[in-house]
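See below for query_27.pdb, which holds PDB, C-alpha atoms.
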```pdb
ATOM      1  CA  MET S   4     -13.403 -10.275  22.985
ATOM      2  CA  ALA S   5     -11.877  -6.953  22.014
ATOM      3  CA  GLU S   6     -13.812  -4.604  19.793
ATOM      4  CA  LYS S   7     -12.792  -4.750  16.143
ATOM      5  CA  ARG S   8     -11.767  -1.228  15.229
ATOM      6  CA  LEU S   9     -12.144  -1.524  11.451
ATOM      7  CA  THR S  10     -15.527  -3.228  11.069
ATOM      8  CA  GLY S  11     -17.127  -1.909   7.881
ATOM      9  CA  THR S  12     -13.814  -0.713   6.435
ATOM     10  CA  ARG S  13     -12.668  -1.869   2.982
ATOM     11  CA  ILE S  14      -8.960  -2.037   2.171
ATOM     12  CA  LEU S  15      -7.504  -2.634  -1.282
ATOM     13  CA  MET S  16      -4.110  -4.356  -1.248
ATOM     14  CA  VAL S  17      -2.200  -4.177  -4.539
ATOM     15  CA  ILE S  18       0.408  -6.787  -5.471
ATOM     16  CA  ALA S  19       2.631  -7.413  -8.463
ATOM     17  CA  PRO S  20       1.657 -10.614 -10.318
ATOM     18  CA  ASP S  21       5.147 -11.960  -9.728
ATOM     19  CA  GLN S  22       7.789 -11.350  -7.037
ATOM     20  CA  PHE S  23       5.664  -9.453  -4.506
ATOM     21  CA  ARG S  24       7.148  -9.523  -1.001
ATOM     22  CA  ASP S  25       5.242 -12.202   0.949
ATOM     23  CA  GLU S  26       5.308 -10.716   4.447
ATOM     24  CA  GLU S  27       4.410  -7.237   3.143
ATOM     25  CA  LEU S  28       1.112  -8.722   1.930
ATOM     26  CA  LEU S  29       0.471 -11.339   4.596
ATOM     27  CA  GLU S  30       1.368  -9.526   7.841
ATOM     28  CA  PRO S  31      -0.671  -6.327   7.266
ATOM     29  CA  LYS S  32      -3.548  -8.366   5.765
ATOM     30  CA  LYS S  33      -3.716 -10.522   8.905
ATOM     31  CA  ILE S  34      -3.788  -7.395  11.091
ATOM     32  CA  PHE S  35      -6.532  -5.802   8.963
ATOM     33  CA  LEU S  36      -8.690  -8.938   9.078
ATOM     34  CA  GLU S  37      -8.213  -9.301  12.852
ATOM     35  CA  GLU S  38      -9.455  -5.710  13.210
ATOM     36  CA  GLY S  39     -12.608  -6.491  11.195
ATOM     37  CA  ALA S  40     -11.717  -4.898   7.845
ATOM     38  CA  GLN S  41     -12.679  -6.422   4.530
ATOM     39  CA  VAL S  42      -9.553  -6.905   2.401
ATOM     40  CA  VAL S  43      -9.581  -7.103  -1.383
ATOM     41  CA  VAL S  44      -6.377  -8.033  -3.232
ATOM     42  CA  ALA S  45      -5.819  -6.602  -6.717
ATOM     43  CA  SER S  46      -3.117  -7.161  -9.297
ATOM     44  CA  THR S  47      -2.341  -6.102 -12.842
ATOM     45  CA  ARG S  48      -3.374  -9.407 -14.429
ATOM     46  CA  ASP S  49      -5.536 -12.465 -13.817
ATOM     47  CA  GLY S  50      -4.098 -15.652 -12.422
ATOM     48  CA  GLU S  51      -2.187 -16.695  -9.363
ATOM     49  CA  ALA S  52       0.425 -14.210  -8.157
ATOM     50  CA  LYS S  53       3.716 -15.475  -6.784
ATOM     51  CA  GLY S  54       5.659 -14.066  -3.872
ATOM     52  CA  MET S  55       9.425 -13.803  -3.599
ATOM     53  CA  LEU S  56       9.493 -16.346  -0.758
ATOM     54  CA  GLY S  57       6.994 -18.786  -2.264
ATOM     55  CA  ALA S  58       3.615 -17.413  -1.171
ATOM     56  CA  ARG S  59       0.791 -17.807  -3.659
ATOM     57  CA  CYS S  60      -2.179 -15.458  -3.901
ATOM     58  CA  GLN S  61      -5.194 -15.455  -6.192
ATOM     59  CA  PRO S  62      -6.130 -11.761  -6.572
ATOM     60  CA  ASP S  63      -9.785 -10.909  -6.034
ATOM     61  CA  THR S  64      -9.890  -8.327  -8.812
ATOM     62  CA  LEU S  65      -7.909  -6.611 -11.510
ATOM     63  CA  LEU S  66      -6.432  -3.219 -10.740
ATOM     64  CA  ALA S  67      -8.092  -1.894 -13.902
ATOM     65  CA  LYS S  68     -11.524  -2.674 -12.406
ATOM     66  CA  ALA S  69     -10.874  -1.090  -9.002
ATOM     67  CA  SER S  70     -12.603   2.163  -8.095
ATOM     68  CA  ALA S  71     -11.490   4.553  -5.341
ATOM     69  CA  GLY S  72     -15.066   4.975  -4.157
ATOM     70  CA  ASP S  73     -15.193   1.313  -3.119
ATOM     71  CA  TYR S  74     -12.328   1.511  -0.601
ATOM     72  CA  ASP S  75     -11.256   3.380   2.509
ATOM     73  CA  ALA S  76      -7.541   2.673   2.008
ATOM     74  CA  ILE S  77      -5.058   1.392  -0.544
ATOM     75  CA  VAL S  78      -1.937  -0.573   0.408
ATOM     76  CA  VAL S  79       0.673  -1.056  -2.326
ATOM     77  CA  VAL S  80       2.821  -4.086  -1.485
ATOM     78  CA  GLY S  81       6.497  -4.095  -2.410
ATOM     79  CA  GLY S  82       8.973  -6.686  -3.588
ATOM     80  CA  MET S  83      11.181  -7.165  -6.617
ATOM     81  CA  GLY S  84       8.140  -7.254  -8.940
ATOM     82  CA  SER S  85       7.079  -3.730  -7.991
ATOM     83  CA  PRO S  86       9.393  -1.777 -10.346
ATOM     84  CA  GLN S  87       8.374  -3.852 -13.366
ATOM     85  CA  HIS S  88       4.657  -4.198 -12.689
ATOM     86  CA  LEU S  89       3.592  -1.300 -10.440
ATOM     87  CA  TRP S  90       5.891   1.721 -10.652
ATOM     88  CA  ASP S  91       4.517   2.926 -13.995
ATOM     89  CA  CYS S  92       1.133   1.170 -13.984
ATOM     90  CA  ALA S  93      -1.439   3.640 -15.339
ATOM     91  CA  ASP S  94      -4.317   1.899 -13.524
ATOM     92  CA  LEU S  95      -2.482   2.119 -10.197
ATOM     93  CA  HIS S  96      -1.580   5.781 -10.785
ATOM     94  CA  ARG S  97      -5.241   6.569 -11.617
ATOM     95  CA  LEU S  98      -6.437   4.851  -8.467
ATOM     96  CA  LEU S  99      -3.834   6.501  -6.219
ATOM     97  CA  LYS S 100      -4.717   9.949  -7.602
ATOM     98  CA  GLU S 101      -8.463   9.309  -7.138
ATOM     99  CA  MET S 102      -7.945   8.141  -3.564
ATOM    100  CA  ASP S 103      -5.760  11.162  -2.857
ATOM    101  CA  ARG S 104      -8.457  13.520  -4.214
ATOM    102  CA  GLU S 105     -11.022  11.728  -2.027
ATOM    103  CA  GLU S 106      -8.675  12.076   0.981
ATOM    104  CA  LYS S 107      -8.506   8.334   1.617
ATOM    105  CA  VAL S 108      -5.636   6.495   3.317
ATOM    106  CA  ILE S 109      -2.792   5.844   0.865
ATOM    107  CA  SER S 110       0.113   3.566   1.717
ATOM    108  CA  GLY S 111       3.065   1.781   0.177
ATOM    109  CA  ILE S 112       5.838  -0.415   1.512
ATOM    110  CA  CYS S 113       9.355  -1.261   0.349
ATOM    111  CA  LEU S 114      10.004  -0.547  -3.339
ATOM    112  CA  SER S 115       6.341   0.430  -3.849
ATOM    113  CA  GLY S 116       6.841   3.813  -2.203
ATOM    114  CA  ALA S 117       8.304   4.696  -5.603
ATOM    115  CA  ALA S 118       4.972   3.856  -7.274
ATOM    116  CA  LEU S 119       3.266   6.410  -5.013
ATOM    117  CA  ALA S 120       5.927   8.982  -5.864
ATOM    118  CA  ARG S 121       5.598   8.342  -9.608
ATOM    119  CA  ALA S 122       1.831   8.739  -9.324
ATOM    120  CA  GLY S 123       2.409  12.194  -7.831
ATOM    121  CA  VAL S 124       0.774  11.561  -4.444
ATOM    122  CA  LEU S 125       3.895  12.086  -2.311
ATOM    123  CA  ALA S 126       4.733  15.635  -3.432
ATOM    124  CA  GLY S 127       5.525  17.741  -0.368
ATOM    125  CA  ARG S 128       5.026  14.792   1.985
ATOM    126  CA  GLU S 129       7.455  12.875   4.166
ATOM    127  CA  ALA S 130       7.950   9.262   3.065
ATOM    128  CA  THR S 131      10.266   6.302   3.226
ATOM    129  CA  VAL S 132      11.119   3.535   0.794
ATOM    130  CA  TRP S 133      13.499   0.594   0.374
ATOM    131  CA  PRO S 134      16.731   2.584  -0.051
ATOM    132  CA  ALA S 135      17.742   1.390  -3.530
ATOM    133  CA  PRO S 136      19.164   4.141  -5.762
ATOM    134  CA  GLU S 137      16.210   3.896  -8.186
ATOM    135  CA  SER S 138      13.540   4.124  -5.478
ATOM    136  CA  LEU S 139      15.296   7.031  -3.753
ATOM    137  CA  ALA S 140      15.514   8.786  -7.136
ATOM    138  CA  ALA S 141      11.772   8.218  -7.654
ATOM    139  CA  LEU S 142      10.985   9.804  -4.280
ATOM    140  CA  ASN S 143      13.203  12.772  -5.143
ATOM    141  CA  ALA S 144      11.620  13.186  -8.598
ATOM    142  CA  GLY S 145       8.176  12.939  -6.985
ATOM    143  CA  LYS S 146       9.113  15.797  -4.614
ATOM    144  CA  ALA S 147       8.757  13.660  -1.465
ATOM    145  CA  ARG S 148      10.869  14.384   1.607
ATOM    146  CA  TYR S 149      12.732  11.143   2.318
ATOM    147  CA  LYS S 150      13.029  10.030   5.945
ATOM    148  CA  LYS S 151      15.301   7.115   6.787
ATOM    149  CA  GLU S 152      12.867   5.408   9.173
ATOM    150  CA  PRO S 153      11.032   2.043   9.133
ATOM    151  CA  VAL S 154       7.548   3.635   8.950
ATOM    152  CA  VAL S 155       6.679   7.232   8.108
ATOM    153  CA  CYS S 156       3.179   8.637   8.667
ATOM    154  CA  ASP S 157       2.409  11.955   7.012
ATOM    155  CA  GLY S 158      -1.247  12.316   7.894
ATOM    156  CA  ARG S 159      -3.204   9.785   5.865
ATOM    157  CA  VAL S 160      -0.172   8.817   3.751
ATOM    158  CA  ILE S 161       1.818   5.964   5.281
ATOM    159  CA  THR S 162       5.014   4.438   3.896
ATOM    160  CA  ALA S 163       7.400   1.757   5.145
ATOM    161  CA  ASN S 164      10.899   0.752   4.109
ATOM    162  CA  GLY S 165      10.669  -3.022   3.813
ATOM    163  CA  PRO S 166       9.652  -6.442   5.104
ATOM    164  CA  GLU S 167      11.003  -5.930   8.628
ATOM    165  CA  ALA S 168       8.572  -3.030   9.010
ATOM    166  CA  ALA S 169       5.515  -4.939   7.689
ATOM    167  CA  ARG S 170       3.857  -5.424  11.084
ATOM    168  CA  GLN S 171       4.471  -1.837  12.228
ATOM    169  CA  PHE S 172       3.224  -0.647   8.814
ATOM    170  CA  GLY S 173      -0.028  -2.602   9.188
ATOM    171  CA  GLN S 174      -0.517  -1.260  12.704
ATOM    172  CA  ALA S 175       0.031   2.338  11.535
ATOM    173  CA  ILE S 176      -2.627   1.910   8.828
ATOM    174  CA  VAL S 177      -5.076   0.473  11.372
ATOM    175  CA  LYS S 178      -4.394   3.399  13.721
ATOM    176  CA  GLU S 179      -5.073   5.978  10.981
ATOM    177  CA  LEU S 180      -8.238   4.224   9.761
ATOM    178  CA  ALA S 181      -9.532   3.866  13.335
ATOM    179  CA  ARG S 182      -8.818   7.552  13.992
ATOM    180  CA  ARG S 183     -10.785   8.484  10.881
ATOM    181  CA  LEU S 184     -13.704   6.228  11.862
ATOM    182  CA  SER S 185     -13.862   7.760  15.332
ATOM    183  CA  ARG S 186     -14.461  11.200  13.767
ATOM    184  CA  VAL S 187     -17.541  10.023  11.841
TER     185      VAL S 187
END
```
Structure encoded using structure tokens:
Amino acid sequence: MAEKRLTGTRILMVIAPDQFRDEELLEPKKIFLEEGAQVVVASTRDGEAKGMLGARCQPDTLLAKASAGDYDAIVVVGGMGSPQHLWDCADLHRLLKEMDREEKVISGICLSGAALARAGVLAGREATVWPAPESLAALNAGKARYKKEPVVCDGRVITANGPEAARQFGQAIVKELARRLSRV
């Protein structure tokens, strides 16, 4: 059996309580678990979260209770619920800023790249996002350098443009976490 590259690693995946994008949660999560990581799912409120395509997920914790020191990476899942529930979420912004200060892996996919930009963690960095006018405007306002690519890695900050990139996104996060572990 192949060695699990992320054994001992803790990853926080953040979802909107409604209308998160199913494959942007499920595909990277499967990859992380296969690599030996512990995955914790957080949302902005208690109760079952609902995906755009029918997936159901019971979050493990509330975003308000999450602490940067408990995780090696944060993955902000996209979907139509992201603008309403995540883009301006103070708890998410706090956590992203803390993880940035602690030089942890920060990532967002689809519309949630805008949440990273609004939190101020993409300034001066290359990033991608689902190319809706509002999300592109958020990247611009957050002083990110937009790249029209499926997955963009700017050091420990990884962004992806949507559900078709979910698998590649998960693999890029694993690669960065494994690289960081190999330096320890």
As a check of understanding: the span from atom CA of His96 of chain S to atom CA of Ala169 of chain S is 22.5 Å
Query raised in the report: Could you pull the residues within 8 Å of segment 107-111 of chain S, counting all atoms listed in the file, minus those fewer than 4 positions along the same chain, as a VMD selection string?
Result: chain S and resid 75 to 81 99 102 to 103 115 to 116 118 to 119 159 to 163 176 179 to 180
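Between atom CA of Asp21 of chain S and atom CA of Ala71 of chain S there is a distance of 23.8 Å.
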Taking all atoms of segment 89-102 of chain S that appear in the file, build a box with edges along x, y and z, extend it by 5 Å on every side, and state its centre and edge lengths in Å to one decimal, as JSON.
```
{"center_x": -1.3, "center_y": 4.3, "center_z": -9.5, "size_x": 24.4, "size_y": 21.2, "size_z": 21.8}
```
Contacts of Gln87 of chain S at 12 Å or less, counting only C-alpha atoms, minus same-chain residues fewer than 2 places along, as a PyMOL selection string? chain S and resi 18-23+47+81-85+89-92+114-115+117-118
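When all atoms listed in the file are used to measure the gap to Glu129 of chain S, the shortest distance among S:Met16, S:Ile34, S:Leu142, S:Ala58 belongs to S:Leu142.
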re atom CA of Arg128 of chain S and atom CA of Leu98 of chain S: distance 18.4 Å
Since the input lacks atoms, please generate N, CA and C atoms for segment 118-153 of chain S and provide them as a PDB file, in the frame of the given file.
```pdb
ATOM      1  N   ALA S 118       6.198   3.804  -6.463  1.00  0.00           N
ATOM      2  CA  ALA S 118       4.972   3.856  -7.274  1.00  0.00           C
ATOM      3  C   ALA S 118       4.106   5.032  -6.831  1.00  0.00           C
ATOM      4  N   LEU S 119       4.024   5.267  -5.519  1.00  0.00           N
ATOM      5  CA  LEU S 119       3.266   6.410  -5.013  1.00  0.00           C
ATOM      6  C   LEU S 119       3.898   7.713  -5.481  1.00  0.00           C
ATOM      7  N   ALA S 120       5.223   7.774  -5.424  1.00  0.00           N
ATOM      8  CA  ALA S 120       5.927   8.982  -5.864  1.00  0.00           C
ATOM      9  C   ALA S 120       5.699   9.230  -7.351  1.00  0.00           C
ATOM     10  N   ARG S 121       5.794   8.188  -8.155  1.00  0.00           N
ATOM     11  CA  ARG S 121       5.598   8.342  -9.608  1.00  0.00           C
ATOM     12  C   ARG S 121       4.165   8.710  -9.963  1.00  0.00           C
ATOM     13  N   ALA S 122       3.227   8.349  -9.103  1.00  0.00           N
ATOM     14  CA  ALA S 122       1.831   8.739  -9.324  1.00  0.00           C
ATOM     15  C   ALA S 122       1.581  10.192  -8.922  1.00  0.00           C
ATOM     16  N   GLY S 123       2.541  10.792  -8.216  1.00  0.00           N
ATOM     17  CA  GLY S 123       2.409  12.194  -7.831  1.00  0.00           C
ATOM     18  C   GLY S 123       1.730  12.433  -6.500  1.00  0.00           C
ATOM     19  N   VAL S 124       1.511  11.374  -5.692  1.00  0.00           N
ATOM     20  CA  VAL S 124       0.774  11.561  -4.444  1.00  0.00           C
ATOM     21  C   VAL S 124       1.669  11.800  -3.226  1.00  0.00           C
ATOM     22  N   LEU S 125       2.985  11.825  -3.430  1.00  0.00           N
ATOM     23  CA  LEU S 125       3.895  12.086  -2.311  1.00  0.00           C
ATOM     24  C   LEU S 125       4.496  13.490  -2.330  1.00  0.00           C
ATOM     25  N   ALA S 126       4.156  14.288  -3.313  1.00  0.00           N
ATOM     26  CA  ALA S 126       4.733  15.635  -3.432  1.00  0.00           C
ATOM     27  C   ALA S 126       4.499  16.438  -2.156  1.00  0.00           C
ATOM     28  N   GLY S 127       5.601  16.935  -1.571  1.00  0.00           N
ATOM     29  CA  GLY S 127       5.525  17.741  -0.368  1.00  0.00           C
ATOM     30  C   GLY S 127       5.316  16.953   0.909  1.00  0.00           C
ATOM     31  N   ARG S 128       5.272  15.628   0.812  1.00  0.00           N
ATOM     32  CA  ARG S 128       5.026  14.792   1.985  1.00  0.00           C
ATOM     33  C   ARG S 128       6.291  14.041   2.393  1.00  0.00           C
ATOM     34  N   GLU S 129       6.371  13.721   3.684  1.00  0.00           N
ATOM     35  CA  GLU S 129       7.455  12.875   4.166  1.00  0.00           C
ATOM     36  C   GLU S 129       7.124  11.430   3.830  1.00  0.00           C
ATOM     37  N   ALA S 130       8.156  10.660   3.434  1.00  0.00           N
ATOM     38  CA  ALA S 130       7.950   9.262   3.065  1.00  0.00           C
ATOM     39  C   ALA S 130       9.247   8.489   3.203  1.00  0.00           C
ATOM     40  N   THR S 131       9.111   7.175   3.255  1.00  0.00           N
ATOM     41  CA  THR S 131      10.266   6.302   3.226  1.00  0.00           C
ATOM     42  C   THR S 131      10.061   5.246   2.153  1.00  0.00           C
ATOM     43  N   VAL S 132      11.133   4.516   1.874  1.00  0.00           N
ATOM     44  CA  VAL S 132      11.119   3.535   0.794  1.00  0.00           C
ATOM     45  C   VAL S 132      12.310   2.606   1.011  1.00  0.00           C
ATOM     46  N   TRP S 133      12.302   1.435   0.372  1.00  0.00           N
ATOM     47  CA  TRP S 133      13.499   0.594   0.374  1.00  0.00           C
ATOM     48  C   TRP S 133      14.602   1.428  -0.266  1.00  0.00           C
ATOM     49  N   PRO S 134      15.747   1.599   0.403  1.00  0.00           N
ATOM     50  CA  PRO S 134      16.731   2.584  -0.051  1.00  0.00           C
ATOM     51  C   PRO S 134      17.615   2.158  -1.231  1.00  0.00           C
ATOM     52  N   ALA S 135      17.005   1.665  -2.289  1.00  0.00           N
ATOM     53  CA  ALA S 135      17.742   1.390  -3.530  1.00  0.00           C
ATOM     54  C   ALA S 135      17.901   2.714  -4.275  1.00  0.00           C
ATOM     55  N   PRO S 136      18.968   2.876  -5.041  1.00  0.00           N
ATOM     56  CA  PRO S 136      19.164   4.141  -5.762  1.00  0.00           C
ATOM     57  C   PRO S 136      17.963   4.545  -6.621  1.00  0.00           C
ATOM     58  N   GLU S 137      17.341   3.585  -7.294  1.00  0.00           N
ATOM     59  CA  GLU S 137      16.210   3.896  -8.186  1.00  0.00           C
ATOM     60  C   GLU S 137      14.987   4.365  -7.401  1.00  0.00           C
ATOM     61  N   SER S 138      14.715   3.727  -6.255  1.00  0.00           N
ATOM     62  CA  SER S 138      13.540   4.124  -5.478  1.00  0.00           C
ATOM     63  C   SER S 138      13.765   5.469  -4.789  1.00  0.00           C
ATOM     64  N   LEU S 139      14.989   5.714  -4.332  1.00  0.00           N
ATOM     65  CA  LEU S 139      15.296   7.031  -3.753  1.00  0.00           C
ATOM     66  C   LEU S 139      15.186   8.124  -4.816  1.00  0.00           C
ATOM     67  N   ALA S 140      15.630   7.819  -6.030  1.00  0.00           N
ATOM     68  CA  ALA S 140      15.514   8.786  -7.136  1.00  0.00           C
ATOM     69  C   ALA S 140      14.046   9.064  -7.458  1.00  0.00           C
ATOM     70  N   ALA S 141      13.204   8.032  -7.387  1.00  0.00           N
ATOM     71  CA  ALA S 141      11.772   8.218  -7.654  1.00  0.00           C
ATOM     72  C   ALA S 141      11.133   9.123  -6.601  1.00  0.00           C
ATOM     73  N   LEU S 142      11.501   8.937  -5.336  1.00  0.00           N
ATOM     74  CA  LEU S 142      10.985   9.804  -4.280  1.00  0.00           C
ATOM     75  C   LEU S 142      11.419  11.244  -4.523  1.00  0.00           C
ATOM     76  N   ASN S 143      12.679  11.435  -4.871  1.00  0.00           N
ATOM     77  CA  ASN S 143      13.203  12.772  -5.143  1.00  0.00           C
ATOM     78  C   ASN S 143      12.470  13.412  -6.327  1.00  0.00           C
ATOM     79  N   ALA S 144      12.316  12.663  -7.409  1.00  0.00           N
ATOM     80  CA  ALA S 144      11.620  13.186  -8.598  1.00  0.00           C
ATOM     81  C   ALA S 144      10.157  13.491  -8.297  1.00  0.00           C
ATOM     82  N   GLY S 145       9.570  12.720  -7.374  1.00  0.00           N
ATOM     83  CA  GLY S 145       8.176  12.939  -6.985  1.00  0.00           C
ATOM     84  C   GLY S 145       8.009  13.996  -5.912  1.00  0.00           C
ATOM     85  N   LYS S 146       9.108  14.689  -5.573  1.00  0.00           N
ATOM     86  CA  LYS S 146       9.113  15.797  -4.614  1.00  0.00           C
ATOM     87  C   LYS S 146       8.693  15.392  -3.195  1.00  0.00           C
ATOM     88  N   ALA S 147       8.981  14.114  -2.839  1.00  0.00           N
ATOM     89  CA  ALA S 147       8.757  13.660  -1.465  1.00  0.00           C
ATOM     90  C   ALA S 147       9.974  14.031  -0.625  1.00  0.00           C
ATOM     91  N   ARG S 148       9.771  14.137   0.676  1.00  0.00           N
ATOM     92  CA  ARG S 148      10.869  14.384   1.607  1.00  0.00           C
ATOM     93  C   ARG S 148      11.222  13.047   2.260  1.00  0.00           C
ATOM     94  N   TYR S 149      12.323  12.467   1.841  1.00  0.00           N
ATOM     95  CA  TYR S 149      12.732  11.143   2.318  1.00  0.00           C
ATOM     96  C   TYR S 149      13.143  11.186   3.781  1.00  0.00           C
ATOM     97  N   LYS S 150      12.626  10.220   4.549  1.00  0.00           N
ATOM     98  CA  LYS S 150      13.029  10.030   5.945  1.00  0.00           C
ATOM     99  C   LYS S 150      13.520   8.594   6.081  1.00  0.00           C
ATOM    100  N   LYS S 151      14.710   8.439   6.619  1.00  0.00           N
ATOM    101  CA  LYS S 151      15.301   7.115   6.787  1.00  0.00           C
ATOM    102  C   LYS S 151      14.774   6.500   8.083  1.00  0.00           C
ATOM    103  N   GLU S 152      13.531   6.018   8.025  1.00  0.00           N
ATOM    104  CA  GLU S 152      12.867   5.408   9.173  1.00  0.00           C
ATOM    105  C   GLU S 152      12.074   4.195   8.686  1.00  0.00           C
ATOM    106  N   PRO S 153      11.782   3.227   9.567  1.00  0.00           N
ATOM    107  CA  PRO S 153      11.032   2.043   9.133  1.00  0.00           C
ATOM    108  C   PRO S 153       9.624   2.368   8.621  1.00  0.00           C
TER     109      PRO S 153
END
```
